[in-house]
file data_35.cif (mmCIF, N, CA and C atoms)
data_input
loop_
_atom_site.group_PDB
_atom_site.id
_atom_site.type_symbol
_atom_site.label_atom_id
_atom_site.label_comp_id
_atom_site.auth_asym_id
_atom_site.auth_seq_id
_atom_site.Cartn_x
_atom_site.Cartn_y
_atom_site.Cartn_z
ATOM 1 N N MET A 1 -69.994 67.258 -15.707
ATOM 2 C CA MET A 1 -70.245 66.162 -16.622
ATOM 3 C C MET A 1 -71.527 66.393 -17.401
ATOM 4 N N LEU A 2 -72.558 66.946 -16.751
ATOM 5 C CA LEU A 2 -73.839 67.195 -17.410
ATOM 6 C C LEU A 2 -73.702 68.170 -18.571
ATOM 7 N N PRO A 3 -72.993 69.304 -18.413
ATOM 8 C CA PRO A 3 -72.839 70.202 -19.567
ATOM 9 C C PRO A 3 -72.123 69.528 -20.736
ATOM 10 N N LEU A 4 -71.183 68.644 -20.427
ATOM 11 C CA LEU A 4 -70.458 67.937 -21.480
ATOM 12 C C LEU A 4 -71.391 67.007 -22.244
ATOM 13 N N LEU A 5 -72.265 66.321 -21.518
ATOM 14 C CA LEU A 5 -73.227 65.440 -22.172
ATOM 15 C C LEU A 5 -74.230 66.221 -23.004
ATOM 16 N N GLN A 6 -74.677 67.380 -22.495
ATOM 17 C CA GLN A 6 -75.610 68.201 -23.255
ATOM 18 C C GLN A 6 -74.965 68.729 -24.529
ATOM 19 N N ALA A 7 -73.701 69.112 -24.455
ATOM 20 C CA ALA A 7 -72.993 69.592 -25.634
ATOM 21 C C ALA A 7 -72.830 68.466 -26.646
ATOM 22 N N ALA A 8 -72.628 67.270 -26.157
ATOM 23 C CA ALA A 8 -72.471 66.131 -27.053
ATOM 24 C C ALA A 8 -73.781 65.832 -27.772
ATOM 25 N N GLN A 9 -74.888 65.994 -27.104
ATOM 26 C CA GLN A 9 -76.181 65.727 -27.712
ATOM 27 C C GLN A 9 -76.551 66.786 -28.742
ATOM 28 N N GLN A 10 -76.035 67.993 -28.607
ATOM 29 C CA GLN A 10 -76.424 69.084 -29.485
ATOM 30 C C GLN A 10 -75.784 69.002 -30.858
ATOM 31 N N GLY A 11 -74.704 68.302 -31.031
ATOM 32 C CA GLY A 11 -74.147 68.281 -32.367
ATOM 33 C C GLY A 11 -72.873 67.474 -32.494
ATOM 34 N N GLY A 12 -72.122 67.351 -31.469
ATOM 35 C CA GLY A 12 -70.841 66.656 -31.556
ATOM 36 C C GLY A 12 -70.908 65.242 -31.019
ATOM 37 N N SER A 13 -72.060 64.612 -31.064
ATOM 38 C CA SER A 13 -72.195 63.291 -30.461
ATOM 39 C C SER A 13 -71.355 62.239 -31.175
ATOM 40 N N GLN A 14 -71.151 62.367 -32.474
ATOM 41 C CA GLN A 14 -70.333 61.394 -33.180
ATOM 42 C C GLN A 14 -68.883 61.474 -32.730
ATOM 43 N N TRP A 15 -68.367 62.691 -32.590
ATOM 44 C CA TRP A 15 -66.983 62.854 -32.134
ATOM 45 C C TRP A 15 -66.820 62.403 -30.691
ATOM 46 N N PHE A 16 -67.794 62.749 -29.870
ATOM 47 C CA PHE A 16 -67.740 62.364 -28.464
ATOM 48 C C PHE A 16 -67.727 60.838 -28.331
ATOM 49 N N THR A 17 -68.567 60.168 -29.097
ATOM 50 C CA THR A 17 -68.629 58.715 -29.061
ATOM 51 C C THR A 17 -67.314 58.105 -29.537
ATOM 52 N N LEU A 18 -66.760 58.657 -30.604
ATOM 53 C CA LEU A 18 -65.494 58.164 -31.130
ATOM 54 C C LEU A 18 -64.365 58.335 -30.113
ATOM 55 N N VAL A 19 -64.289 59.480 -29.476
ATOM 56 C CA VAL A 19 -63.265 59.730 -28.460
ATOM 57 C C VAL A 19 -63.482 58.824 -27.251
ATOM 58 N N LEU A 20 -64.715 58.608 -26.872
ATOM 59 C CA LEU A 20 -65.029 57.744 -25.738
ATOM 60 C C LEU A 20 -64.581 56.302 -26.004
ATOM 61 N N PHE A 21 -64.903 55.784 -27.188
ATOM 62 C CA PHE A 21 -64.479 54.421 -27.518
ATOM 63 C C PHE A 21 -62.963 54.325 -27.664
ATOM 64 N N GLY A 22 -62.345 55.346 -28.221
ATOM 65 C CA GLY A 22 -60.884 55.359 -28.325
ATOM 66 C C GLY A 22 -60.233 55.341 -26.953
ATOM 67 N N GLY A 23 -60.759 56.128 -26.042
ATOM 68 C CA GLY A 23 -60.245 56.154 -24.675
ATOM 69 C C GLY A 23 -60.427 54.821 -23.973
ATOM 70 N N MET A 24 -61.558 54.179 -24.202
ATOM 71 C CA MET A 24 -61.802 52.872 -23.591
ATOM 72 C C MET A 24 -60.813 51.835 -24.118
ATOM 73 N N PHE A 25 -60.516 51.893 -25.414
ATOM 74 C CA PHE A 25 -59.555 50.955 -25.983
ATOM 75 C C PHE A 25 -58.162 51.164 -25.391
ATOM 76 N N VAL A 26 -57.762 52.418 -25.241
ATOM 77 C CA VAL A 26 -56.442 52.712 -24.666
ATOM 78 C C VAL A 26 -56.360 52.182 -23.238
ATOM 79 N N VAL A 27 -57.390 52.388 -22.466
ATOM 80 C CA VAL A 27 -57.405 51.903 -21.081
ATOM 81 C C VAL A 27 -57.352 50.382 -21.054
ATOM 82 N N MET A 28 -58.137 49.730 -21.907
ATOM 83 C CA MET A 28 -58.115 48.262 -21.948
ATOM 84 C C MET A 28 -56.739 47.751 -22.359
ATOM 85 N N TYR A 29 -56.099 48.424 -23.296
ATOM 86 C CA TYR A 29 -54.786 47.988 -23.749
ATOM 87 C C TYR A 29 -53.777 48.029 -22.613
ATOM 88 N N PHE A 30 -53.728 49.149 -21.892
ATOM 89 C CA PHE A 30 -52.713 49.299 -20.853
ATOM 90 C C PHE A 30 -53.010 48.519 -19.578
ATOM 91 N N PHE A 31 -54.269 48.200 -19.328
ATOM 92 C CA PHE A 31 -54.592 47.473 -18.098
ATOM 93 C C PHE A 31 -54.865 45.992 -18.305
ATOM 94 N N MET A 32 -55.107 45.565 -19.545
ATOM 95 C CA MET A 32 -55.431 44.160 -19.763
ATOM 96 C C MET A 32 -54.525 43.489 -20.795
ATOM 97 N N ILE A 33 -54.432 44.037 -21.969
ATOM 98 C CA ILE A 33 -53.735 43.369 -23.062
ATOM 99 C C ILE A 33 -52.229 43.388 -22.859
ATOM 100 N N ARG A 34 -51.665 44.544 -22.573
ATOM 101 C CA ARG A 34 -50.213 44.675 -22.445
ATOM 102 C C ARG A 34 -49.639 43.826 -21.307
ATOM 103 N N PRO A 35 -50.235 43.852 -20.104
ATOM 104 C CA PRO A 35 -49.695 42.997 -19.036
ATOM 105 C C PRO A 35 -49.772 41.500 -19.376
ATOM 106 N N GLN A 36 -50.836 41.087 -20.072
ATOM 107 C CA GLN A 36 -50.965 39.681 -20.442
ATOM 108 C C GLN A 36 -49.888 39.290 -21.451
ATOM 109 N N GLN A 37 -49.597 40.174 -22.411
ATOM 110 C CA GLN A 37 -48.540 39.901 -23.385
ATOM 111 C C GLN A 37 -47.175 39.814 -22.696
ATOM 112 N N LYS A 38 -46.941 40.686 -21.734
ATOM 113 C CA LYS A 38 -45.671 40.685 -21.005
ATOM 114 C C LYS A 38 -45.514 39.390 -20.208
ATOM 115 N N LYS A 39 -46.585 38.965 -19.567
ATOM 116 C CA LYS A 39 -46.557 37.734 -18.776
ATOM 117 C C LYS A 39 -46.303 36.522 -19.672
ATOM 118 N N ALA A 40 -46.940 36.481 -20.836
ATOM 119 C CA ALA A 40 -46.737 35.363 -21.771
ATOM 120 C C ALA A 40 -45.306 35.345 -22.293
ATOM 121 N N LYS A 41 -44.740 36.508 -22.547
ATOM 122 C CA LYS A 41 -43.361 36.591 -23.037
ATOM 123 C C LYS A 41 -42.375 36.095 -21.975
ATOM 124 N N GLU A 42 -42.598 36.477 -20.727
ATOM 125 C CA GLU A 42 -41.734 36.021 -19.641
ATOM 126 C C GLU A 42 -41.824 34.503 -19.463
ATOM 127 N N ALA A 43 -43.030 33.947 -19.558
ATOM 128 C CA ALA A 43 -43.205 32.496 -19.429
ATOM 129 C C ALA A 43 -42.500 31.769 -20.575
ATOM 130 N N LYS A 44 -42.588 32.315 -21.777
ATOM 131 C CA LYS A 44 -41.920 31.698 -22.932
ATOM 132 C C LYS A 44 -40.402 31.716 -22.739
ATOM 133 N N ASN A 45 -39.858 32.845 -22.286
ATOM 134 C CA ASN A 45 -38.419 32.936 -22.032
ATOM 135 C C ASN A 45 -37.991 31.954 -20.943
ATOM 136 N N PHE A 46 -38.816 31.821 -19.910
ATOM 137 C CA PHE A 46 -38.521 30.883 -18.829
ATOM 138 C C PHE A 46 -38.429 29.461 -19.365
ATOM 139 N N ARG A 47 -39.412 29.072 -20.177
ATOM 140 C CA ARG A 47 -39.442 27.708 -20.714
ATOM 141 C C ARG A 47 -38.286 27.444 -21.661
ATOM 142 N N GLU A 48 -37.881 28.459 -22.418
ATOM 143 C CA GLU A 48 -36.769 28.281 -23.356
ATOM 144 C C GLU A 48 -35.433 28.118 -22.630
ATOM 145 N N ASN A 49 -35.323 28.636 -21.412
ATOM 146 C CA ASN A 49 -34.064 28.601 -20.671
ATOM 147 C C ASN A 49 -33.980 27.481 -19.647
ATOM 148 N N ILE A 50 -34.943 26.552 -19.654
ATOM 149 C CA ILE A 50 -34.893 25.416 -18.731
ATOM 150 C C ILE A 50 -33.774 24.478 -19.177
ATOM 151 N N LYS A 51 -32.999 24.025 -18.201
ATOM 152 C CA LYS A 51 -31.890 23.125 -18.521
ATOM 153 C C LYS A 51 -31.870 21.968 -17.520
ATOM 154 N N LYS A 52 -31.060 20.987 -17.801
ATOM 155 C CA LYS A 52 -30.955 19.799 -16.962
ATOM 156 C C LYS A 52 -30.529 20.189 -15.549
ATOM 157 N N GLY A 53 -31.214 19.638 -14.557
ATOM 158 C CA GLY A 53 -30.883 19.893 -13.165
ATOM 159 C C GLY A 53 -31.746 20.959 -12.506
ATOM 160 N N ASP A 54 -32.526 21.707 -13.281
ATOM 161 C CA ASP A 54 -33.401 22.733 -12.708
ATOM 162 C C ASP A 54 -34.567 22.094 -11.968
ATOM 163 N N GLU A 55 -34.954 22.710 -10.872
ATOM 164 C CA GLU A 55 -36.146 22.289 -10.142
ATOM 165 C C GLU A 55 -37.328 23.064 -10.715
ATOM 166 N N VAL A 56 -38.392 22.350 -11.127
ATOM 167 C CA VAL A 56 -39.554 22.991 -11.728
ATOM 168 C C VAL A 56 -40.836 22.428 -11.136
ATOM 169 N N VAL A 57 -41.939 23.142 -11.404
ATOM 170 C CA VAL A 57 -43.272 22.721 -10.982
ATOM 171 C C VAL A 57 -44.162 22.746 -12.226
ATOM 172 N N THR A 58 -44.938 21.698 -12.436
ATOM 173 C CA THR A 58 -45.854 21.668 -13.571
ATOM 174 C C THR A 58 -47.130 22.423 -13.219
ATOM 175 N N ILE A 59 -47.956 22.687 -14.228
ATOM 176 C CA ILE A 59 -49.216 23.376 -13.965
ATOM 177 C C ILE A 59 -50.165 22.505 -13.154
ATOM 178 N N GLY A 60 -49.907 21.208 -13.112
ATOM 179 C CA GLY A 60 -50.704 20.291 -12.290
ATOM 180 C C GLY A 60 -50.201 20.190 -10.860
ATOM 181 N N GLY A 61 -49.052 20.816 -10.567
ATOM 182 C CA GLY A 61 -48.532 20.839 -9.216
ATOM 183 C C GLY A 61 -47.442 19.820 -8.934
ATOM 184 N N LEU A 62 -46.983 19.086 -9.932
ATOM 185 C CA LEU A 62 -45.936 18.091 -9.737
ATOM 186 C C LEU A 62 -44.576 18.778 -9.656
ATOM 187 N N HIS A 63 -43.837 18.493 -8.595
ATOM 188 C CA HIS A 63 -42.496 19.045 -8.408
ATOM 189 C C HIS A 63 -41.485 18.022 -8.889
ATOM 190 N N GLY A 64 -40.464 18.497 -9.585
ATOM 191 C CA GLY A 64 -39.450 17.568 -10.040
ATOM 192 C C GLY A 64 -38.207 18.276 -10.528
ATOM 193 N N LYS A 65 -37.197 17.469 -10.773
ATOM 194 C CA LYS A 65 -35.931 17.971 -11.295
ATOM 195 C C LYS A 65 -35.851 17.585 -12.768
ATOM 196 N N VAL A 66 -35.397 18.510 -13.597
ATOM 197 C CA VAL A 66 -35.308 18.253 -15.032
ATOM 198 C C VAL A 66 -34.215 17.231 -15.291
ATOM 199 N N HIS A 67 -34.601 16.131 -15.925
ATOM 200 C CA HIS A 67 -33.637 15.100 -16.297
ATOM 201 C C HIS A 67 -33.100 15.370 -17.698
ATOM 202 N N SER A 68 -34.000 15.770 -18.614
ATOM 203 C CA SER A 68 -33.567 16.122 -19.963
ATOM 204 C C SER A 68 -34.634 16.967 -20.649
ATOM 205 N N VAL A 69 -34.173 17.780 -21.596
ATOM 206 C CA VAL A 69 -35.061 18.598 -22.424
ATOM 207 C C VAL A 69 -34.846 18.153 -23.860
ATOM 208 N N LYS A 70 -35.934 17.764 -24.511
ATOM 209 C CA LYS A 70 -35.833 17.260 -25.883
ATOM 210 C C LYS A 70 -36.192 18.356 -26.882
ATOM 211 N N ASP A 71 -35.692 18.211 -28.101
ATOM 212 C CA ASP A 71 -35.920 19.207 -29.147
ATOM 213 C C ASP A 71 -37.368 19.267 -29.622
ATOM 214 N N ASN A 72 -38.129 18.229 -29.407
ATOM 215 C CA ASN A 72 -39.509 18.211 -29.900
ATOM 216 C C ASN A 72 -40.501 18.890 -28.954
ATOM 217 N N GLY A 73 -40.009 19.617 -27.971
ATOM 218 C CA GLY A 73 -40.881 20.350 -27.057
ATOM 219 C C GLY A 73 -41.336 19.566 -25.855
ATOM 220 N N THR A 74 -40.640 18.489 -25.537
ATOM 221 C CA THR A 74 -40.981 17.720 -24.342
ATOM 222 C C THR A 74 -39.840 17.801 -23.341
ATOM 223 N N ILE A 75 -40.197 17.491 -22.115
ATOM 224 C CA ILE A 75 -39.238 17.559 -21.020
ATOM 225 C C ILE A 75 -39.425 16.320 -20.155
ATOM 226 N N VAL A 76 -38.340 15.755 -19.676
ATOM 227 C CA VAL A 76 -38.401 14.585 -18.797
ATOM 228 C C VAL A 76 -38.038 15.055 -17.394
ATOM 229 N N LEU A 77 -38.983 14.854 -16.462
ATOM 230 C CA LEU A 77 -38.775 15.243 -15.067
ATOM 231 C C LEU A 77 -38.537 13.998 -14.225
ATOM 232 N N GLU A 78 -37.677 14.153 -13.250
ATOM 233 C CA GLU A 78 -37.454 13.087 -12.284
ATOM 234 C C GLU A 78 -38.166 13.505 -11.003
ATOM 235 N N ALA A 79 -39.309 12.873 -10.740
ATOM 236 C CA ALA A 79 -40.123 13.218 -9.578
ATOM 237 C C ALA A 79 -39.554 12.601 -8.302
ATOM 238 N N ASP A 80 -39.020 11.411 -8.400
ATOM 239 C CA ASP A 80 -38.402 10.679 -7.310
ATOM 240 C C ASP A 80 -37.214 9.944 -7.923
ATOM 241 N N PRO A 81 -36.259 9.515 -7.139
ATOM 242 C CA PRO A 81 -35.151 8.769 -7.747
ATOM 243 C C PRO A 81 -35.667 7.557 -8.528
ATOM 244 N N GLY A 82 -35.366 7.532 -9.816
ATOM 245 C CA GLY A 82 -35.793 6.431 -10.670
ATOM 246 C C GLY A 82 -37.162 6.600 -11.298
ATOM 247 N N VAL A 83 -37.909 7.621 -10.916
ATOM 248 C CA VAL A 83 -39.240 7.854 -11.482
ATOM 249 C C VAL A 83 -39.143 9.036 -12.437
ATOM 250 N N ARG A 84 -39.227 8.746 -13.729
ATOM 251 C CA ARG A 84 -39.108 9.791 -14.747
ATOM 252 C C ARG A 84 -40.418 9.913 -15.510
ATOM 253 N N LEU A 85 -40.881 11.154 -15.652
ATOM 254 C CA LEU A 85 -42.139 11.431 -16.331
ATOM 255 C C LEU A 85 -41.885 12.413 -17.463
ATOM 256 N N THR A 86 -42.565 12.206 -18.583
ATOM 257 C CA THR A 86 -42.403 13.067 -19.740
ATOM 258 C C THR A 86 -43.590 14.026 -19.822
ATOM 259 N N PHE A 87 -43.291 15.310 -20.003
ATOM 260 C CA PHE A 87 -44.305 16.355 -20.096
ATOM 261 C C PHE A 87 -44.036 17.231 -21.304
ATOM 262 N N SER A 88 -45.063 17.904 -21.740
ATOM 263 C CA SER A 88 -44.893 18.950 -22.745
ATOM 264 C C SER A 88 -44.228 20.140 -22.057
ATOM 265 N N LEU A 89 -43.400 20.846 -22.767
ATOM 266 C CA LEU A 89 -42.684 21.989 -22.192
ATOM 267 C C LEU A 89 -43.659 23.074 -21.743
ATOM 268 N N GLU A 90 -44.805 23.181 -22.418
ATOM 269 C CA GLU A 90 -45.806 24.191 -22.046
ATOM 270 C C GLU A 90 -46.486 23.887 -20.717
ATOM 271 N N SER A 91 -46.319 22.675 -20.208
ATOM 272 C CA SER A 91 -46.960 22.315 -18.938
ATOM 273 C C SER A 91 -46.145 22.743 -17.721
ATOM 274 N N ILE A 92 -45.011 23.389 -17.950
ATOM 275 C CA ILE A 92 -44.203 23.879 -16.828
ATOM 276 C C ILE A 92 -44.702 25.266 -16.443
ATOM 277 N N SER A 93 -45.008 25.449 -15.175
ATOM 278 C CA SER A 93 -45.537 26.713 -14.679
ATOM 279 C C SER A 93 -44.398 27.621 -14.226
ATOM 280 N N ALA A 94 -44.238 28.731 -14.934
ATOM 281 C CA ALA A 94 -43.183 29.680 -14.584
ATOM 282 C C ALA A 94 -43.477 30.342 -13.245
ATOM 283 N N GLU A 95 -44.729 30.698 -13.013
ATOM 284 C CA GLU A 95 -45.097 31.381 -11.763
ATOM 285 C C GLU A 95 -44.880 30.488 -10.547
ATOM 286 N N SER A 96 -45.386 29.265 -10.616
ATOM 287 C CA SER A 96 -45.254 28.350 -9.474
ATOM 288 C C SER A 96 -43.798 28.020 -9.199
ATOM 289 N N THR A 97 -43.023 27.830 -10.264
ATOM 290 C CA THR A 97 -41.609 27.508 -10.090
ATOM 291 C C THR A 97 -40.878 28.662 -9.421
ATOM 292 N N LYS A 98 -41.166 29.894 -9.842
ATOM 293 C CA LYS A 98 -40.510 31.054 -9.235
ATOM 294 C C LYS A 98 -40.896 31.201 -7.772
ATOM 295 N N LYS A 99 -42.166 30.958 -7.434
ATOM 296 C CA LYS A 99 -42.610 31.045 -6.039
ATOM 297 C C LYS A 99 -41.897 30.019 -5.168
ATOM 298 N N ILE A 100 -41.784 28.799 -5.663
ATOM 299 C CA ILE A 100 -41.108 27.738 -4.908
ATOM 300 C C ILE A 100 -39.650 28.081 -4.696
ATOM 301 N N MET A 101 -38.998 28.568 -5.744
ATOM 302 C CA MET A 101 -37.566 28.915 -5.649
ATOM 303 C C MET A 101 -37.349 30.070 -4.650
ATOM 304 N N GLU A 102 -38.239 31.063 -4.675
ATOM 305 C CA GLU A 102 -38.121 32.173 -3.736
ATOM 306 C C GLU A 102 -38.313 31.688 -2.299
ATOM 307 N N THR A 103 -39.256 30.780 -2.091
ATOM 308 C CA THR A 103 -39.495 30.235 -0.757
ATOM 309 C C THR A 103 -38.299 29.452 -0.265
ATOM 310 N N GLU A 104 -37.671 28.665 -1.146
ATOM 311 C CA GLU A 104 -36.504 27.898 -0.755
ATOM 312 C C GLU A 104 -35.309 28.799 -0.459
ATOM 313 N N LEU A 105 -35.166 29.893 -1.195
ATOM 314 C CA LEU A 105 -34.067 30.830 -0.936
ATOM 315 C C LEU A 105 -34.231 31.528 0.411
ATOM 316 N N LYS A 106 -35.488 31.832 0.788
ATOM 317 C CA LYS A 106 -35.726 32.488 2.075
ATOM 318 C C LYS A 106 -35.427 31.550 3.241
ATOM 319 N N LYS A 107 -35.655 30.241 3.052
ATOM 320 C CA LYS A 107 -35.402 29.272 4.109
ATOM 321 C C LYS A 107 -33.908 29.101 4.391
ATOM 322 N N SER A 108 -33.099 29.206 3.346
ATOM 323 C CA SER A 108 -31.665 28.971 3.548
ATOM 324 C C SER A 108 -30.902 30.222 3.868
#
call {"tool": "encode", "arguments": {"input": "data_35.cif", "output": "C-alpha cells"}}
result
Amino acid sequence: MLPLLQAAQQGGSQWFTLVLFGGMFVVMYFFMIRPQQKKAKEAKNFRENIKKGDEVVTIGGLHGKVHSVKDNGTIVLEADPGVRLTFSLESISAESTKKIMETELKKS
C-alpha cells in the first residue's frame, strides 16, 4: 500500500483520487442505495396488492383485517368486530405483516 501511495504523490494523485472516489461510490451504491430501492419497491408492490380480508399490521403496531381499500389511498381496518379505523395506505408495514404471517403459518 505504501508504494502505491508514494506513486500517487509523485504525479498521478489526481487519477488516484478520482478512482478512489469512483470506487467509493460503487461500493455505496451496491451496499446502501440499491438494497434500499429494492426494499421500497417491494413495500410499494405489497401495498398495491392489499385486498379485502387480508390481515395486516400498521407501522404503529395495530393488527387488523382489511375491511375496504379506497381509491384515494386510504384503507379501512377492522381491529375488533364492529371497530373500524381508517388509515393511509402508506401506514401499512410490509415487513411486520410478513413476519406475523410467517409466524402464524409456522404455528399451524
call {"tool": "select_by_dssp", "arguments": {"input": "data_35.cif", "residues": "chain A", "states": "strand (DSSP E)", "output": "PyMOL selection string"}}
result
chain A and resi 55-57+63-69+74-80+83-88
call {"tool": "write_last_selection", "arguments": {"input": "data_35.cif", "atoms": "N, CA and C atoms", "output": "CSV table (one decimal), in the coordinates of the input"}}
result
chain,number,residue,atom,x,y,z
A,55,GLU,N,-35.0,22.7,-10.9
A,55,GLU,CA,-36.1,22.3,-10.1
A,55,GLU,C,-37.3,23.1,-10.7
A,56,VAL,N,-38.4,22.4,-11.1
A,56,VAL,CA,-39.6,23.0,-11.7
A,56,VAL,C,-40.8,22.4,-11.1
A,57,VAL,N,-41.9,23.1,-11.4
A,57,VAL,CA,-43.3,22.7,-11.0
A,57,VAL,C,-44.2,22.7,-12.2
A,63,HIS,N,-43.8,18.5,-8.6
A,63,HIS,CA,-42.5,19.0,-8.4
A,63,HIS,C,-41.5,18.0,-8.9
A,64,GLY,N,-40.5,18.5,-9.6
A,64,GLY,CA,-39.4,17.6,-10.0
A,64,GLY,C,-38.2,18.3,-10.5
A,65,LYS,N,-37.2,17.5,-10.8
A,65,LYS,CA,-35.9,18.0,-11.3
A,65,LYS,C,-35.9,17.6,-12.8
A,66,VAL,N,-35.4,18.5,-13.6
A,66,VAL,CA,-35.3,18.3,-15.0
A,66,VAL,C,-34.2,17.2,-15.3
A,67,HIS,N,-34.6,16.1,-15.9
A,67,HIS,CA,-33.6,15.1,-16.3
A,67,HIS,C,-33.1,15.4,-17.7
A,68,SER,N,-34.0,15.8,-18.6
A,68,SER,CA,-33.6,16.1,-20.0
A,68,SER,C,-34.6,17.0,-20.6
A,69,VAL,N,-34.2,17.8,-21.6
A,69,VAL,CA,-35.1,18.6,-22.4
A,69,VAL,C,-34.8,18.2,-23.9
A,74,THR,N,-40.6,18.5,-25.5
A,74,THR,CA,-41.0,17.7,-24.3
A,74,THR,C,-39.8,17.8,-23.3
A,75,ILE,N,-40.2,17.5,-22.1
A,75,ILE,CA,-39.2,17.6,-21.0
A,75,ILE,C,-39.4,16.3,-20.2
A,76,VAL,N,-38.3,15.8,-19.7
A,76,VAL,CA,-38.4,14.6,-18.8
A,76,VAL,C,-38.0,15.1,-17.4
A,77,LEU,N,-39.0,14.9,-16.5
A,77,LEU,CA,-38.8,15.2,-15.1
A,77,LEU,C,-38.5,14.0,-14.2
A,78,GLU,N,-37.7,14.2,-13.2
A,78,GLU,CA,-37.5,13.1,-12.3
A,78,GLU,C,-38.2,13.5,-11.0
A,79,ALA,N,-39.3,12.9,-10.7
A,79,ALA,CA,-40.1,13.2,-9.6
A,79,ALA,C,-39.6,12.6,-8.3
A,80,ASP,N,-39.0,11.4,-8.4
A,80,ASP,CA,-38.4,10.7,-7.3
A,80,ASP,C,-37.2,9.9,-7.9
A,83,VAL,N,-37.9,7.6,-10.9
A,83,VAL,CA,-39.2,7.9,-11.5
A,83,VAL,C,-39.1,9.0,-12.4
A,84,ARG,N,-39.2,8.7,-13.7
A,84,ARG,CA,-39.1,9.8,-14.7
A,84,ARG,C,-40.4,9.9,-15.5
A,85,LEU,N,-40.9,11.2,-15.7
A,85,LEU,CA,-42.1,11.4,-16.3
A,85,LEU,C,-41.9,12.4,-17.5
A,86,THR,N,-42.6,12.2,-18.6
A,86,THR,CA,-42.4,13.1,-19.7
A,86,THR,C,-43.6,14.0,-19.8
A,87,PHE,N,-43.3,15.3,-20.0
A,87,PHE,CA,-44.3,16.4,-20.1
A,87,PHE,C,-44.0,17.2,-21.3
A,88,SER,N,-45.1,17.9,-21.7
A,88,SER,CA,-44.9,19.0,-22.7
A,88,SER,C,-44.2,20.1,-22.1
call {"tool": "closest_residue", "arguments": {"input": "data_35.cif", "among": "A:Val57, A:Glu78, A:His63, A:Val69", "to": "Thr97 of chain A", "atoms": "only C-alpha atoms"}}
result
A:Val57
call {"tool": "residues_near_point", "arguments": {"input": "data_35.cif", "point": "(-43.5, 32.3, -19.0)", "cutoff": "6.5 Å", "atoms": "all atoms listed in the file", "output": "list in words"}}
result
Lys39, Ala40, Lys41, Glu42, Ala43, Lys44, Asn45, Phe46, Arg47, Ala94 and Glu95 of chain A
call {"tool": "write_last_selection", "arguments": {"input": "data_35.cif", "atoms": "N, CA and C atoms", "output": "PDB file, in the frame of the given file"}}
result
ATOM      1  N   LYS A  39     -46.585  38.965 -19.567  1.00  0.00           N
ATOM      2  CA  LYS A  39     -46.557  37.734 -18.776  1.00  0.00           C
ATOM      3  C   LYS A  39     -46.303  36.522 -19.672  1.00  0.00           C
ATOM      4  N   ALA A  40     -46.940  36.481 -20.836  1.00  0.00           N
ATOM      5  CA  ALA A  40     -46.737  35.363 -21.771  1.00  0.00           C
ATOM      6  C   ALA A  40     -45.306  35.345 -22.293  1.00  0.00           C
ATOM      7  N   LYS A  41     -44.740  36.508 -22.547  1.00  0.00           N
ATOM      8  CA  LYS A  41     -43.361  36.591 -23.037  1.00  0.00           C
ATOM      9  C   LYS A  41     -42.375  36.095 -21.975  1.00  0.00           C
ATOM     10  N   GLU A  42     -42.598  36.477 -20.727  1.00  0.00           N
ATOM     11  CA  GLU A  42     -41.734  36.021 -19.641  1.00  0.00           C
ATOM     12  C   GLU A  42     -41.824  34.503 -19.463  1.00  0.00           C
ATOM     13  N   ALA A  43     -43.030  33.947 -19.558  1.00  0.00           N
ATOM     14  CA  ALA A  43     -43.205  32.496 -19.429  1.00  0.00           C
ATOM     15  C   ALA A  43     -42.500  31.769 -20.575  1.00  0.00           C
ATOM     16  N   LYS A  44     -42.588  32.315 -21.777  1.00  0.00           N
ATOM     17  CA  LYS A  44     -41.920  31.698 -22.932  1.00  0.00           C
ATOM     18  C   LYS A  44     -40.402  31.716 -22.739  1.00  0.00           C
ATOM     19  N   ASN A  45     -39.858  32.845 -22.286  1.00  0.00           N
ATOM     20  CA  ASN A  45     -38.419  32.936 -22.032  1.00  0.00           C
ATOM     21  C   ASN A  45     -37.991  31.954 -20.943  1.00  0.00           C
ATOM     22  N   PHE A  46     -38.816  31.821 -19.910  1.00  0.00           N
ATOM     23  CA  PHE A  46     -38.521  30.883 -18.829  1.00  0.00           C
ATOM     24  C   PHE A  46     -38.429  29.461 -19.365  1.00  0.00           C
ATOM     25  N   ARG A  47     -39.412  29.072 -20.177  1.00  0.00           N
ATOM     26  CA  ARG A  47     -39.442  27.708 -20.714  1.00  0.00           C
ATOM     27  C   ARG A  47     -38.286  27.444 -21.661  1.00  0.00           C
ATOM     28  N   ALA A  94     -44.238  28.731 -14.934  1.00  0.00           N
ATOM     29  CA  ALA A  94     -43.183  29.680 -14.584  1.00  0.00           C
ATOM     30  C   ALA A  94     -43.477  30.342 -13.245  1.00  0.00           C
ATOM     31  N   GLU A  95     -44.729  30.698 -13.013  1.00  0.00           N
ATOM     32  CA  GLU A  95     -45.097  31.381 -11.763  1.00  0.00           C
ATOM     33  C   GLU A  95     -44.880  30.488 -10.547  1.00  0.00           C
TER      34      GLU A  95
END
call {"tool": "resolve_selection", "arguments": {"input": "data_35.cif", "expression": "the PyMOL selection byres ((chain A and resi 66) around 5)", "output": "list in words"}}
result
Lys52, Gly53, Asp54, Gly64, Lys65, His67, Ser68, Val76, Leu77 and Glu78 of chain A
call {"tool": "closest_residue", "arguments": {"input": "data_35.cif", "among": "A:Thr86, A:Leu18, A:Gly73, A:Thr58", "to": "Lys98 of chain A", "atoms": "only C-alpha atoms"}}
result
A:Thr58
call {"tool": "decode", "arguments": {"input": "data_35.cif", "residues": "segment 51-55 of chain A", "atoms": "N, CA and C atoms", "output": "PDB file, in the first residue's frame"}}
result
ATOM      1  N   LYS A  51     -55.887  -6.467  -0.363  1.00  0.00           N
ATOM      2  CA  LYS A  51     -57.296  -6.599  -0.737  1.00  0.00           C
ATOM      3  C   LYS A  51     -58.129  -6.884   0.515  1.00  0.00           C
ATOM      4  N   LYS A  52     -59.422  -6.828   0.362  1.00  0.00           N
ATOM      5  CA  LYS A  52     -60.346  -7.041   1.470  1.00  0.00           C
ATOM      6  C   LYS A  52     -60.139  -8.429   2.069  1.00  0.00           C
ATOM      7  N   GLY A  53     -60.071  -8.494   3.391  1.00  0.00           N
ATOM      8  CA  GLY A  53     -59.919  -9.759   4.088  1.00  0.00           C
ATOM      9  C   GLY A  53     -58.487 -10.076   4.496  1.00  0.00           C
ATOM     10  N   ASP A  54     -57.508  -9.329   3.994  1.00  0.00           N
ATOM     11  CA  ASP A  54     -56.111  -9.563   4.366  1.00  0.00           C
ATOM     12  C   ASP A  54     -55.855  -9.122   5.800  1.00  0.00           C
ATOM     13  N   GLU A  55     -55.019  -9.871   6.486  1.00  0.00           N
ATOM     14  CA  GLU A  55     -54.575  -9.487   7.823  1.00  0.00           C
ATOM     15  C   GLU A  55     -53.316  -8.642   7.659  1.00  0.00           C
TER      16      GLU A  55
END
